[in-house]
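Down below is the structure, laid out as structure tokens.
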Amino acid sequence: MKKVGLSLFLLCFAALTTGQPVRLPEIALKSDTISNYTVPDSCAEVLPDVDEKWSIADVIGRLRSRFIPFAQKLPPTVPIINAYWFHYRIKNDLASDAKISLDAPDSEDEYYVLSAKGPPARYESGRYNSRKTRMKWGNFVPLLLKAGAIYDIYQRSWNHKKGTALLFGTIIESTDTAIITNYINAIDNGRELYSTLHLEEAFMIGLLLLAAVFTIFFYKVTRENVYIYFALFATFLAINRFYNIFQQFFSVHDENLGYYVRWLGLAWPALSFCELQFYRRFF
């Protein structure tokens with residue numbers, strides 16, 4: 001009889017311990033002036049969203065036990081896909097309310113913030129997300145965390161390009177820092193919008209287009225095709241060098257169009273063809 005009782009006890013204990021997900025350690029917030037703080041691997045877990053149709057009710061309900069501890073080397077069973085769910089916990093250890101922001105570096109990010117009181121609060125952001133909530137001009141979601149409160153955050157990250165979970169993630173920083181960096185310096189003052197690299201590329205683009213115009217003039221005089229190929233080579237090279245400038249411009253003014261900037265890379269085949277033809281005709 002004692003063996004039967006012991007067996008039942010062990011079965012119940014195993015069911016309770018294996019059926020419940022392991023509680024994640026909280027990210028202890030000691031200051032609301034932090035900048036570029038990356039969520040540690042030990043404080044996060046990931047769930048691959050293969051079919052891209054799970055809701056927050058599914059994730060915190062029947063799928064809760066399927067989360068995988070986030071690590072630098074994920075198991076081979078985790079596929080390379082477009083969407084992942086992440087879960088991490090933040091505790092405000094400050095004596096007062098804290099203003100922090102969750103940076104959204106992916107194409108589209110959804111955040112569900114769960115606290116001890118009330119239903120989950122939902123926010124959207126992301127580099128190419130036209131349905132942003134809160135800050136329309138920045139890729140981050142500002143939050144107000146109550147003193148001593150613990151928040152469970154479920155983040156659904158989606159990218160246009162497939163990748164491993166290591167390419168997805170979130171950065172936590174002070175809301176005041178995010179506003180200064182993303183709005184005041186970048187938009188109001190323009191200090192962090194363009195760099196010296198963009199100025200140098202703009203100068204080179206001007207020289208290339210000017211060279212193309214003069215080369216076409218030489219073609220009009222000599223009627224030799226070598227000048228046409230050099231003009232096309234200079235033009236396609238100038239178009240390709242617009243990449244960084246356009247990427248930075250659309251990152252502030254229209255990030256949905258910024259997604260298509262990468263197609264400027266298609267100028268490389270035409271550029272190579274014109275360059276080869278130029279050398280072939282010239283020599």
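Order determines the names: the first chain of the structure tokens is A, the second B, and so forth; residues in each chain are numbered 1 upward, and ligands are numbered 1 upward as they are shown.
Summary of the local environment: counting only C-alpha atoms, residues at most 12 Å from A:Ile100, other than itself and those fewer than 6 positions away along its chain, are A:Leu29, A:Lys30, A:Ser31, A:Asp32, A:Thr33, A:Ile34, A:Ser35, A:Asn36, A:Tyr37, A:Ile90, A:Lys91, A:Asn92, A:Phe140, A:Val141, A:Pro142, A:Leu143, A:Leu144, A:Leu145, A:Lys146, A:Ile171, A:Ile172, A:Glu173, A:Ser174, A:Thr175, A:Asp176, A:Thr177, A:Ala178, A:Ile179.
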Neighbouring residues of A:Asp152 were defined as those with any atom within 7 Å, considering only C-alpha atoms; residues of the same chain fewer than 3 positions away were excluded. Please report them as a PDB file with C-alpha atoms, in the first residue's frame.
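Output below, filename selection00.pdb:
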```pdb
ATOM      1  CA  TYR A  88      10.650  38.059 -21.582  1.00  0.00           C
ATOM      2  CA  ARG A  89       9.818  39.644 -18.232  1.00  0.00           C
ATOM      3  CA  ILE A  90      10.682  43.108 -16.917  1.00  0.00           C
ATOM      4  CA  VAL A 113       2.292  43.661 -22.383  1.00  0.00           C
ATOM      5  CA  LEU A 114       0.751  41.624 -19.554  1.00  0.00           C
ATOM      6  CA  SER A 115       0.595  42.828 -15.978  1.00  0.00           C
TER       7      SER A 115
END
```
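Of the listed residues A:Ala238, A:Pro40, A:Ile150, A:Leu47, the one whose atoms come nearest to A:Pro79 is A:Leu47, with distances taken using only C-alpha atoms.
Of the listed residues (A:Phe214, A:Phe236, A:Tyr219, A:Tyr243), A:Tyr243 comes nearest to A:Glu201; the distances count only C-alpha atoms.
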From the DSSP assignment of the backbone, select every residue of stretch 13-157 of chain A that is alpha helix (DSSP H), and format the answer as a compact mmCIF listing (two decimals) with N, CA, C and O atoms, in the first residue's frame.
```
# COMPACT_ATOMS: atom_id res chain seq x y z
N PHE A 13 3.61 14.62 -8.78
CA PHE A 13 4.72 15.58 -8.76
C PHE A 13 5.30 15.78 -10.15
O PHE A 13 5.60 16.91 -10.57
N ALA A 14 5.46 14.69 -10.91
CA ALA A 14 5.99 14.79 -12.28
C ALA A 14 5.05 15.56 -13.17
O ALA A 14 5.46 16.36 -14.02
N ALA A 15 3.74 15.34 -13.01
CA ALA A 15 2.76 16.07 -13.85
C ALA A 15 2.80 17.56 -13.57
O ALA A 15 2.69 18.39 -14.46
N LEU A 16 2.98 17.91 -12.29
CA LEU A 16 3.00 19.33 -11.93
C LEU A 16 4.28 20.01 -12.40
O LEU A 16 4.26 21.18 -12.82
N THR A 17 5.40 19.31 -12.34
CA THR A 17 6.67 19.93 -12.69
C THR A 17 6.93 19.96 -14.18
O THR A 17 7.51 20.91 -14.69
N THR A 18 6.49 18.94 -14.91
CA THR A 18 6.76 18.90 -16.35
C THR A 18 5.67 19.59 -17.15
O THR A 18 5.90 20.00 -18.27
N GLY A 19 4.50 19.76 -16.62
CA GLY A 19 3.40 20.36 -17.37
C GLY A 19 3.43 21.88 -17.35
O GLY A 19 2.73 22.52 -18.10
N ILE A 56 -2.30 35.93 -29.77
CA ILE A 56 -1.75 36.03 -28.42
C ILE A 56 -2.46 35.04 -27.49
O ILE A 56 -1.86 34.48 -26.57
N ALA A 57 -3.75 34.77 -27.76
CA ALA A 57 -4.48 33.80 -26.94
C ALA A 57 -3.89 32.41 -27.10
O ALA A 57 -3.78 31.65 -26.11
N ASP A 58 -3.48 32.06 -28.32
CA ASP A 58 -2.84 30.76 -28.54
C ASP A 58 -1.49 30.68 -27.83
O ASP A 58 -1.14 29.66 -27.24
N VAL A 59 -0.73 31.77 -27.91
CA VAL A 59 0.64 31.77 -27.40
C VAL A 59 0.67 31.66 -25.87
O VAL A 59 1.48 30.92 -25.31
N ILE A 60 -0.20 32.39 -25.19
CA ILE A 60 -0.19 32.34 -23.73
C ILE A 60 -1.07 31.21 -23.20
O ILE A 60 -1.10 30.97 -22.00
```
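Distances to A:Lys162 were evaluated for A:Tyr227, A:Phe242, A:Tyr123, A:Tyr84 using only C-alpha atoms, and the minimum falls at A:Tyr84.
Here atom CA of A:Val50 and atom CA of A:Ala83 stand 6.9 Å from one another.
Comparing the minimum interatomic distances between A:Asp103 and each of A:Gln155, A:Asn82, A:Thr170, A:Ser42, counting only C-alpha atoms, we find that A:Thr170 sits nearest.
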field: Computed interatomic separation between atom CA of A:Lys161 and atom CA of A:Ile68 (Å)
entry: 21.9 Å
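Counting only C-alpha atoms, the residue from A:Asn159, A:Gln277, A:Ser65, A:Ser125 that sits nearest to A:Ala231 is A:Gln277.
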